[in-house]
$ cat coords-v6.cif   # mmCIF, C-alpha atoms
data_work
#
loop_
_atom_site.label_atom_id
_atom_site.label_comp_id
_atom_site.auth_asym_id
_atom_site.auth_seq_id
_atom_site.Cartn_x
_atom_site.Cartn_y
_atom_site.Cartn_z
CA MET A 1 133.17 45.64 28.16
CA ASN A 2 130.46 43.01 27.90
CA ASN A 3 127.04 44.65 28.18
CA ILE A 4 124.50 45.04 25.43
CA ILE A 5 122.95 48.45 26.08
CA ALA A 6 119.54 49.25 24.59
CA CYS A 7 118.65 52.95 24.46
CA ILE A 8 114.89 53.30 24.91
CA ASP A 9 112.95 56.55 25.03
CA GLY A 10 109.27 55.73 24.60
CA SER A 11 109.28 56.46 20.86
CA ARG A 12 107.77 54.14 18.24
CA SER A 13 111.10 52.34 17.89
CA THR A 14 111.25 51.37 21.58
CA ILE A 15 109.73 47.92 21.02
CA SER A 16 111.94 47.16 18.01
CA THR A 17 114.98 48.37 19.96
CA CYS A 18 114.15 45.93 22.76
CA GLU A 19 113.60 43.11 20.25
CA ALA A 20 116.91 43.81 18.51
CA ALA A 21 118.79 44.12 21.80
CA ALA A 22 117.34 40.81 22.99
CA TRP A 23 118.47 39.17 19.74
CA VAL A 24 121.99 40.55 20.20
CA ALA A 25 122.14 39.56 23.88
CA LYS A 26 121.14 35.97 23.11
CA LYS A 27 123.51 35.71 20.12
CA LEU A 28 126.43 36.94 22.22
CA ALA A 29 125.31 35.35 25.51
CA ALA A 30 125.84 38.77 27.09
CA PRO A 31 124.00 40.80 29.76
CA LEU A 32 121.32 43.20 28.51
CA VAL A 33 121.01 46.66 30.04
CA LEU A 34 117.82 48.61 29.31
CA PHE A 35 118.86 52.24 29.47
CA HIS A 36 116.96 55.52 29.55
CA ALA A 37 118.56 58.95 29.85
CA LEU A 38 116.49 61.71 31.44
CA ASP A 39 117.66 65.04 30.08
CA LYS A 40 118.24 67.69 32.69
CA THR A 41 115.34 70.10 32.85
CA THR A 42 115.98 73.76 32.34
CA ARG A 43 115.43 75.75 35.49
CA PRO A 44 113.90 79.25 35.29
CA VAL A 45 116.32 82.05 36.04
CA ALA A 46 115.74 85.66 36.96
CA SER A 47 115.88 88.13 34.08
CA GLU A 48 116.47 91.86 33.89
CA PHE A 49 112.86 93.05 33.65
CA SER A 50 112.83 95.17 36.80
CA GLY A 51 111.91 98.25 34.84
CA GLN A 52 108.95 96.61 33.09
CA ILE A 53 107.53 94.16 35.62
CA GLY A 54 107.27 94.40 39.36
CA LEU A 55 109.85 92.44 41.33
CA GLY A 56 107.15 90.76 43.40
CA SER A 57 105.23 89.68 40.29
CA GLN A 58 108.39 88.29 38.74
CA GLU A 59 109.22 86.26 41.85
CA GLU A 60 105.71 84.81 41.95
CA LEU A 61 105.95 83.84 38.28
CA LEU A 62 109.32 82.17 38.79
CA GLU A 63 107.95 80.24 41.76
CA GLU A 64 105.05 78.97 39.65
CA LEU A 65 107.44 77.97 36.87
CA ALA A 66 109.64 76.15 39.37
CA GLU A 67 106.63 74.23 40.72
CA LEU A 68 105.56 73.27 37.21
CA ASP A 69 109.10 72.19 36.41
CA GLU A 70 109.24 70.02 39.52
CA THR A 71 105.90 68.41 38.65
CA ARG A 72 107.09 67.75 35.10
CA SER A 73 110.28 66.14 36.39
CA LYS A 74 108.32 63.83 38.68
CA ILE A 75 106.02 62.76 35.83
CA MET A 76 109.00 62.11 33.54
CA LEU A 77 110.66 60.04 36.27
CA GLN A 78 107.53 57.96 36.82
CA HIS A 79 107.13 57.42 33.08
CA SER A 80 110.75 56.32 32.80
CA HIS A 81 110.35 53.81 35.65
CA LYS A 82 107.22 52.30 34.09
CA MET A 83 108.80 52.14 30.63
CA LEU A 84 111.93 50.41 31.92
CA GLU A 85 109.87 47.99 34.01
CA SER A 86 107.71 47.03 31.02
CA ALA A 87 110.79 46.54 28.84
CA HIS A 88 112.41 44.43 31.56
CA GLU A 89 109.36 42.15 31.82
CA TRP A 90 109.25 41.77 28.03
CA ALA A 91 112.98 40.91 27.75
CA CYS A 92 112.65 38.24 30.45
CA ARG A 93 109.69 36.68 28.66
CA ASP A 94 111.71 36.72 25.43
CA GLY A 95 114.33 34.48 27.00
CA VAL A 96 117.11 36.90 27.95
CA ASN A 97 118.66 35.49 31.11
CA ASP A 98 120.54 38.52 32.41
CA VAL A 99 118.53 41.76 32.20
CA SER A 100 118.92 44.95 34.20
CA LYS A 101 117.51 48.49 34.13
CA LEU A 102 119.50 51.70 34.20
CA GLN A 103 118.25 55.25 34.48
CA ARG A 104 120.52 58.27 34.29
CA HIS A 105 119.89 61.99 34.64
CA GLY A 106 121.68 63.99 31.97
CA SER A 107 122.13 64.04 28.22
CA LEU A 108 122.27 60.81 26.24
CA ILE A 109 125.79 61.49 24.95
CA GLU A 110 127.18 62.28 28.42
CA SER A 111 125.52 59.20 29.90
CA LEU A 112 126.83 56.89 27.19
CA SER A 113 130.34 58.29 27.63
CA ASP A 114 130.19 57.22 31.27
CA LEU A 115 129.15 53.70 30.22
CA THR A 116 131.82 53.14 27.56
CA SER A 117 133.91 50.79 29.68
CA GLU A 118 130.88 48.50 30.13
CA LEU A 119 129.67 48.57 26.53
CA ARG A 120 130.01 45.80 23.96
CA VAL A 121 127.15 46.63 21.58
CA LEU A 122 124.84 49.65 21.62
CA VAL A 123 121.34 49.20 20.21
CA ILE A 124 119.42 52.35 19.35
CA GLY A 125 116.35 53.29 17.33
CA LYS A 126 116.77 55.25 14.13
CA SER A 127 114.06 57.77 14.94
CA GLY A 128 113.53 59.61 18.19
CA LYS A 129 110.29 61.01 19.54
CA GLN A 130 110.35 63.99 17.17
CA ARG A 131 109.71 62.85 13.61
CA ASN A 132 108.04 64.15 10.49
CA THR A 133 108.13 61.02 8.32
CA ASP A 134 109.14 57.37 8.62
CA ASN A 135 112.55 58.38 7.25
CA THR A 136 113.25 60.88 10.02
CA ILE A 137 116.53 60.37 11.87
CA GLY A 138 116.60 61.02 15.61
CA SER A 139 118.25 64.30 16.50
CA GLN A 140 120.98 62.60 18.56
CA LEU A 141 121.73 59.56 16.41
CA GLU A 142 124.58 61.01 14.38
CA SER A 143 126.17 62.40 17.56
CA VAL A 144 125.93 58.94 19.14
CA ILE A 145 127.59 57.35 16.10
CA ARG A 146 130.48 59.80 16.36
CA ALA A 147 130.82 59.47 20.14
CA VAL A 148 130.53 55.70 20.65
CA HIS A 149 133.48 53.56 19.57
CA GLU A 150 131.94 50.13 20.06
CA HIS A 151 129.56 48.25 17.77
CA ILE A 152 126.26 50.07 17.14
CA LEU A 153 123.08 48.45 15.85
CA VAL A 154 120.59 50.99 14.46
CA VAL A 155 117.03 49.70 14.07
CA ASN A 156 113.79 50.91 12.50
CA ASP A 157 110.29 50.79 13.96
CA HIS A 158 110.01 47.08 13.19
CA PHE A 159 112.70 44.46 13.78
CA THR A 160 113.09 41.04 12.22
CA ALA A 161 116.08 38.92 13.16
CA PRO A 162 118.34 39.00 10.08
CA THR A 163 118.97 35.81 8.14
CA SER A 164 121.71 37.41 6.00
CA TYR A 165 123.89 40.50 5.97
CA MET A 166 125.67 42.76 3.50
CA ILE A 167 129.17 44.20 3.91
CA ALA A 168 130.18 47.35 2.04
CA PHE A 169 133.89 46.97 1.19
CA ASP A 170 136.20 49.68 -0.18
CA GLY A 171 139.61 48.00 -0.12
CA SER A 172 141.05 50.25 2.60
CA PRO A 173 142.99 48.79 5.56
CA ILE A 174 140.05 49.66 7.82
CA SER A 175 137.56 47.82 5.63
CA GLN A 176 139.93 44.85 5.51
CA LYS A 177 139.90 44.90 9.30
CA LEU A 178 136.10 44.91 9.12
CA ILE A 179 136.24 41.62 7.20
CA GLU A 180 138.42 40.14 9.93
CA LYS A 181 136.04 41.29 12.66
CA ALA A 182 133.04 39.98 10.73
CA THR A 183 134.56 36.50 10.75
CA GLN A 184 135.11 36.69 14.51
CA THR A 185 131.92 38.12 15.97
CA PRO A 186 129.28 35.60 17.08
CA LEU A 187 126.69 38.18 16.04
CA LEU A 188 127.17 37.24 12.37
CA LYS A 189 127.99 33.57 12.84
CA GLY A 190 125.96 31.26 10.62
CA LEU A 191 124.58 34.06 8.44
CA PRO A 192 125.37 34.21 4.70
CA CYS A 193 127.19 37.35 3.57
CA HIS A 194 126.60 39.57 0.54
CA LEU A 195 129.99 41.19 -0.04
CA THR A 196 129.66 44.37 -2.11
CA THR A 197 131.92 47.12 -3.36
CA ILE A 198 131.53 50.28 -5.39
CA ASP A 199 134.12 49.59 -8.06
CA GLU A 200 134.79 52.40 -10.53
CA SER A 201 138.50 52.10 -11.27
CA GLY A 202 138.98 48.35 -10.96
CA ASN A 203 142.13 48.86 -8.86
CA LYS A 204 140.60 47.17 -5.84
CA SER A 205 139.78 43.86 -7.51
CA GLN A 206 142.56 41.96 -5.76
CA ALA A 207 141.63 43.24 -2.30
CA PHE A 208 137.98 42.43 -3.00
CA ALA A 209 138.86 38.88 -4.07
CA GLN A 210 141.00 38.44 -0.95
CA ALA A 211 138.15 39.65 1.24
CA LYS A 212 135.85 37.08 -0.33
CA GLN A 213 138.43 34.35 0.21
CA GLN A 214 138.95 35.38 3.83
CA LEU A 215 135.24 35.11 4.55
CA GLN A 216 134.95 31.76 2.79
CA SER A 217 137.96 30.40 4.67
CA ALA A 218 136.12 31.24 7.90
CA GLY A 219 133.18 29.14 6.75
CA VAL A 220 130.97 32.02 5.60
CA LYS A 221 128.74 31.54 2.57
CA VAL A 222 129.57 34.54 0.36
CA THR A 223 127.93 36.22 -2.61
CA ALA A 224 130.35 38.84 -3.99
CA THR A 225 129.03 41.66 -6.19
CA ARG A 226 130.47 44.85 -7.66
CA LEU A 227 127.99 47.72 -7.72
CA ASN A 228 127.85 50.92 -9.74
CA GLY A 229 126.45 54.36 -9.07
CA PRO A 230 126.12 56.54 -5.97
CA VAL A 231 127.11 54.62 -2.85
CA ASP A 232 123.91 55.06 -0.88
CA GLU A 233 121.59 54.25 -3.79
CA ALA A 234 123.64 51.24 -4.90
CA LEU A 235 123.74 49.70 -1.42
CA LEU A 236 120.07 50.27 -0.65
CA ASN A 237 118.90 49.03 -4.06
CA TYR A 238 120.97 45.86 -3.71
CA GLN A 239 119.63 45.23 -0.21
CA LEU A 240 116.07 45.58 -1.43
CA GLN A 241 116.52 43.44 -4.53
CA HIS A 242 118.15 40.59 -2.62
CA GLN A 243 116.14 40.96 0.62
CA VAL A 244 119.31 41.22 2.71
CA GLY A 245 118.45 41.28 6.41
CA MET A 246 121.12 43.67 7.70
CA ILE A 247 123.71 46.13 6.38
CA VAL A 248 127.16 45.95 7.98
CA MET A 249 129.68 48.76 7.66
CA GLY A 250 132.78 49.98 9.46
CA ALA A 251 134.48 53.24 10.38
CA TYR A 252 136.00 53.85 6.97
CA GLY A 253 138.87 56.15 6.08
CA HIS A 254 138.89 58.81 3.37
CA SER A 255 136.94 56.92 0.73
CA LYS A 256 133.60 57.03 -1.02
CA LEU A 257 132.18 54.66 1.58
CA ARG A 258 133.30 56.93 4.40
CA GLN A 259 131.17 59.65 2.85
CA VAL A 260 128.12 57.52 3.58
CA PHE A 261 128.66 58.41 7.24
CA VAL A 262 129.96 61.93 6.80
CA GLY A 263 127.86 64.88 5.70
CA SER A 264 124.66 64.60 3.70
CA ASN A 265 125.12 60.97 2.63
CA THR A 266 124.89 59.89 6.27
CA THR A 267 121.22 60.66 6.33
CA GLN A 268 120.58 58.83 3.06
CA VAL A 269 121.58 55.36 4.26
CA LEU A 270 120.34 55.81 7.82
CA ALA A 271 117.05 57.37 6.79
CA ASN A 272 116.18 55.13 3.84
CA SER A 273 117.36 51.73 5.02
CA LYS A 274 114.46 49.46 5.93
CA VAL A 275 116.69 46.94 7.69
CA PRO A 276 119.02 47.20 10.71
CA LEU A 277 122.37 48.87 10.17
CA LEU A 278 125.32 47.40 12.11
CA LEU A 279 128.38 49.61 12.52
CA ILE A 280 131.36 47.44 13.46
CA ARG A 281 134.20 49.23 15.24
#
$ encode --input "coords-v6.cif" --output "structure tokens"
Amino acid sequence: MNNIIACIDGSRSTISTCEAAAWVAKKLAAPLVLFHALDKTTRPVASEFSGQIGLGSQEELLEELAELDETRSKIMLQHSHKMLESAHEWACRDGVNDVSKLQRHGSLIESLSDLTSELRVLVIGKSGKQRNTDNTIGSQLESVIRAVHEHILVVNDHFTAPTSYMIAFDGSPISQKLIEKATQTPLLKGLPCHLTTIDESGNKSQAFAQAKQQLQSAGVKVTATRLNGPVDEALLNYQLQHQVGMIVMGAYGHSKLRQVFVGSNTTQVLANSKVPLLLIR
């Protein structure tokens, strides 16, 4: 469980994904795997049209479709090889010492499940190839977030190495564990932290103060702030106002912050954040 795996697909976020993955690999002194999943192509199958189309004509059509499908598969394979090779050359020039390429046939989720034992951090672009606006979320991203239980770094079309990060804290045992992990990971070492919470009742003040103290005791420079309003808007507005370089969150329990990654609020933070989003597990 040591590899940094970068999911690349030829979309506009491919370059930023490689840049972010290289940053992670160098921070953690870990091997970088450039990964591309080739979805299985759908093969034509015979259908029950014998009463409307001649059997011979149908067989000829299916043969043509099969030939086209084979040609398409070869082109996709060649494109994947060239894309991985270009990414490999770039990562080496960027100073990553241990870089490898990996190509798998099958769905992204299935392929990542097979790689779980080797994974330390997954780096993936926010938007896939199909997008309508800059805020479009890739069709598989939310499924990846649910399926992968290691750290995930989600990046936009442009990546800048963060010089600070923000933690969203809700006082739950899981968020307290997030604070502990944040003090331990080399990925955040040396970066100042903006510790935030959505505090309506005031009952979590003690836990929030303890979280701040825990970070400071680990040598982290901390700015602690209580925010008001809807979770997604409050977090994104704070990030923008203070030019925070990365948002860090965990797998929260049944709280307002958990709702940011469940249901409609998921898309709000993922879609509207202009900085990388690190999910610590």
$ closest_residue --input "coords-v6.cif" --among "A:Ile174, A:Tyr165, A:Ala22, A:Ile5" --to "Leu112 (chain A)" --atoms "only C-alpha atoms"
A:Ile5
$ resolve_selection --input "coords-v6.cif" --expression "the PyMOL selection byres ((chain A and resi 202-215) around 8)" --output "compact mmCIF listing (two decimals) with C-alpha atoms, keeping the file's coordinate frame"
# COMPACT_ATOMS: atom_id res chain seq x y z
CA PHE A 169 133.89 46.97 1.19
CA ASP A 170 136.20 49.68 -0.18
CA GLY A 171 139.61 48.00 -0.12
CA GLN A 176 139.93 44.85 5.51
CA ILE A 179 136.24 41.62 7.20
CA GLU A 180 138.42 40.14 9.93
CA THR A 183 134.56 36.50 10.75
CA LEU A 195 129.99 41.19 -0.04
CA THR A 197 131.92 47.12 -3.36
CA ASP A 199 134.12 49.59 -8.06
CA GLU A 200 134.79 52.40 -10.53
CA SER A 201 138.50 52.10 -11.27
CA GLN A 216 134.95 31.76 2.79
CA SER A 217 137.96 30.40 4.67
CA ALA A 218 136.12 31.24 7.90
CA GLY A 219 133.18 29.14 6.75
CA VAL A 220 130.97 32.02 5.60
CA LYS A 221 128.74 31.54 2.57
CA VAL A 222 129.57 34.54 0.36
CA ALA A 224 130.35 38.84 -3.99
$ residues_around --input "coords-v6.cif" --residues "Leu32 (chain A)" --least-positions-apart "2" --cutoff "10 Å" --atoms "all atoms listed in the file" --output "PDB file with C-alpha atoms, in the coordinates of the input"
ATOM      1  CA  ASN A   2     130.460  43.010  27.900  1.00  0.00           C
ATOM      2  CA  ASN A   3     127.040  44.650  28.180  1.00  0.00           C
ATOM      3  CA  ILE A   4     124.500  45.040  25.430  1.00  0.00           C
ATOM      4  CA  ILE A   5     122.950  48.450  26.080  1.00  0.00           C
ATOM      5  CA  ALA A   6     119.540  49.250  24.590  1.00  0.00           C
ATOM      6  CA  CYS A  18     114.150  45.930  22.760  1.00  0.00           C
ATOM      7  CA  ALA A  21     118.790  44.120  21.800  1.00  0.00           C
ATOM      8  CA  ALA A  22     117.340  40.810  22.990  1.00  0.00           C
ATOM      9  CA  VAL A  24     121.990  40.550  20.200  1.00  0.00           C
ATOM     10  CA  ALA A  25     122.140  39.560  23.880  1.00  0.00           C
ATOM     11  CA  LYS A  26     121.140  35.970  23.110  1.00  0.00           C
ATOM     12  CA  ALA A  29     125.310  35.350  25.510  1.00  0.00           C
ATOM     13  CA  ALA A  30     125.840  38.770  27.090  1.00  0.00           C
ATOM     14  CA  LEU A  34     117.820  48.610  29.310  1.00  0.00           C
ATOM     15  CA  PHE A  35     118.860  52.240  29.470  1.00  0.00           C
ATOM     16  CA  HIS A  88     112.410  44.430  31.560  1.00  0.00           C
ATOM     17  CA  ALA A  91     112.980  40.910  27.750  1.00  0.00           C
ATOM     18  CA  VAL A  96     117.110  36.900  27.950  1.00  0.00           C
ATOM     19  CA  ASN A  97     118.660  35.490  31.110  1.00  0.00           C
ATOM     20  CA  ASP A  98     120.540  38.520  32.410  1.00  0.00           C
ATOM     21  CA  VAL A  99     118.530  41.760  32.200  1.00  0.00           C
ATOM     22  CA  SER A 100     118.920  44.950  34.200  1.00  0.00           C
ATOM     23  CA  LYS A 101     117.510  48.490  34.130  1.00  0.00           C
ATOM     24  CA  VAL A 121     127.150  46.630  21.580  1.00  0.00           C
TER      25      VAL A 121
END
$ resolve_selection --input "coords-v6.cif" --expression "the PyMOL selection byres ((chain A and resi 104) around 10)" --output "compact mmCIF listing (two decimals) with C-alpha atoms, keeping the file's coordinate frame"
# COMPACT_ATOMS: atom_id res chain seq x y z
CA PHE A 35 118.86 52.24 29.47
CA HIS A 36 116.96 55.52 29.55
CA ALA A 37 118.56 58.95 29.85
CA LEU A 38 116.49 61.71 31.44
CA ASP A 39 117.66 65.04 30.08
CA LYS A 40 118.24 67.69 32.69
CA LEU A 102 119.50 51.70 34.20
CA GLN A 103 118.25 55.25 34.48
CA HIS A 105 119.89 61.99 34.64
CA GLY A 106 121.68 63.99 31.97
CA SER A 107 122.13 64.04 28.22
CA LEU A 108 122.27 60.81 26.24
CA GLU A 110 127.18 62.28 28.42
CA SER A 111 125.52 59.20 29.90
CA LEU A 112 126.83 56.89 27.19
$ atom_distance --input "coords-v6.cif" --atom1 "CA of Val148 (chain A)" --atom2 "CA of Pro276 (chain A)"
17.4 Å
$ atom_distance --input "coords-v6.cif" --atom1 "CA of Leu279 (chain A)" --atom2 "CA of Gly10 (chain A)"
23.4 Å
$ resolve_selection --input "coords-v6.cif" --expression "the PyMOL selection byres ((chain A and resi 14) around 10)" --output "PDB file with C-alpha atoms, keeping the file's coordinate frame"
ATOM      1  CA  ALA A   6     119.540  49.250  24.590  1.00  0.00           C
ATOM      2  CA  CYS A   7     118.650  52.950  24.460  1.00  0.00           C
ATOM      3  CA  ILE A   8     114.890  53.300  24.910  1.00  0.00           C
ATOM      4  CA  ASP A   9     112.950  56.550  25.030  1.00  0.00           C
ATOM      5  CA  GLY A  10     109.270  55.730  24.600  1.00  0.00           C
ATOM      6  CA  SER A  11     109.280  56.460  20.860  1.00  0.00           C
ATOM      7  CA  ARG A  12     107.770  54.140  18.240  1.00  0.00           C
ATOM      8  CA  SER A  13     111.100  52.340  17.890  1.00  0.00           C
ATOM      9  CA  ILE A  15     109.730  47.920  21.020  1.00  0.00           C
ATOM     10  CA  SER A  16     111.940  47.160  18.010  1.00  0.00           C
ATOM     11  CA  THR A  17     114.980  48.370  19.960  1.00  0.00           C
ATOM     12  CA  CYS A  18     114.150  45.930  22.760  1.00  0.00           C
ATOM     13  CA  GLU A  19     113.600  43.110  20.250  1.00  0.00           C
ATOM     14  CA  ALA A  20     116.910  43.810  18.510  1.00  0.00           C
ATOM     15  CA  MET A  83     108.800  52.140  30.630  1.00  0.00           C
ATOM     16  CA  ALA A  87     110.790  46.540  28.840  1.00  0.00           C
ATOM     17  CA  ILE A 124     119.420  52.350  19.350  1.00  0.00           C
ATOM     18  CA  GLY A 125     116.350  53.290  17.330  1.00  0.00           C
ATOM     19  CA  SER A 127     114.060  57.770  14.940  1.00  0.00           C
ATOM     20  CA  GLY A 128     113.530  59.610  18.190  1.00  0.00           C
ATOM     21  CA  LYS A 129     110.290  61.010  19.540  1.00  0.00           C
ATOM     22  CA  VAL A 155     117.030  49.700  14.070  1.00  0.00           C
ATOM     23  CA  ASN A 156     113.790  50.910  12.500  1.00  0.00           C
ATOM     24  CA  ASP A 157     110.290  50.790  13.960  1.00  0.00           C
ATOM     25  CA  HIS A 158     110.010  47.080  13.190  1.00  0.00           C
TER      26      HIS A 158
END
$ closest_residue --input "coords-v6.cif" --among "A:Leu153, A:Leu65, A:Ile167, A:Arg93" --to "Lys181 (chain A)" --atoms "only C-alpha atoms"
A:Ile167
$ residues_around --input "coords-v6.cif" --residues "Ala147 (chain A)" --least-positions-apart "2" --cutoff "9 Å" --atoms "all atoms listed in the file" --output "NGL selection string"
:A and (109 or 112-113 or 142-145 or 149)
$ atom_distance --input "coords-v6.cif" --atom1 "CA of Ser172 (chain A)" --atom2 "CA of Ile198 (chain A)"
12.4 Å
$ build_atoms --input "coords-v6.cif" --residues "region 62-73 of chain A" --atoms "N, CA and C atoms" --output "short mmCIF file (atom, residue, chain, number, x, y, z; two decimals), in the frame of the given file"
data_model
loop_
_atom_site.label_atom_id
_atom_site.label_comp_id
_atom_site.auth_asym_id
_atom_site.auth_seq_id
_atom_site.Cartn_x
_atom_site.Cartn_y
_atom_site.Cartn_z
N LEU A 62 108.22 83.13 38.76
CA LEU A 62 109.32 82.17 38.79
C LEU A 62 109.01 81.01 39.74
N GLU A 63 108.33 81.31 40.84
CA GLU A 63 107.95 80.24 41.76
C GLU A 63 106.97 79.27 41.11
N GLU A 64 106.01 79.82 40.35
CA GLU A 64 105.05 78.97 39.65
C GLU A 64 105.75 78.11 38.60
N LEU A 65 106.69 78.72 37.88
CA LEU A 65 107.44 77.97 36.87
C LEU A 65 108.26 76.86 37.52
N ALA A 66 108.84 77.15 38.67
CA ALA A 66 109.64 76.15 39.37
C ALA A 66 108.77 74.98 39.82
N GLU A 67 107.55 75.28 40.30
CA GLU A 67 106.63 74.23 40.72
C GLU A 67 106.21 73.36 39.54
N LEU A 68 105.93 74.02 38.41
CA LEU A 68 105.56 73.27 37.21
C LEU A 68 106.72 72.39 36.74
N ASP A 69 107.92 72.93 36.83
CA ASP A 69 109.10 72.19 36.41
C ASP A 69 109.32 70.97 37.29
N GLU A 70 109.09 71.13 38.59
CA GLU A 70 109.24 70.02 39.52
C GLU A 70 108.20 68.94 39.24
N THR A 71 106.96 69.36 38.97
CA THR A 71 105.90 68.41 38.65
C THR A 71 106.23 67.65 37.37
N ARG A 72 106.71 68.38 36.37
CA ARG A 72 107.09 67.75 35.10
C ARG A 72 108.19 66.72 35.30
N SER A 73 109.18 67.06 36.13
CA SER A 73 110.28 66.14 36.39
C SER A 73 109.80 64.86 37.06
#
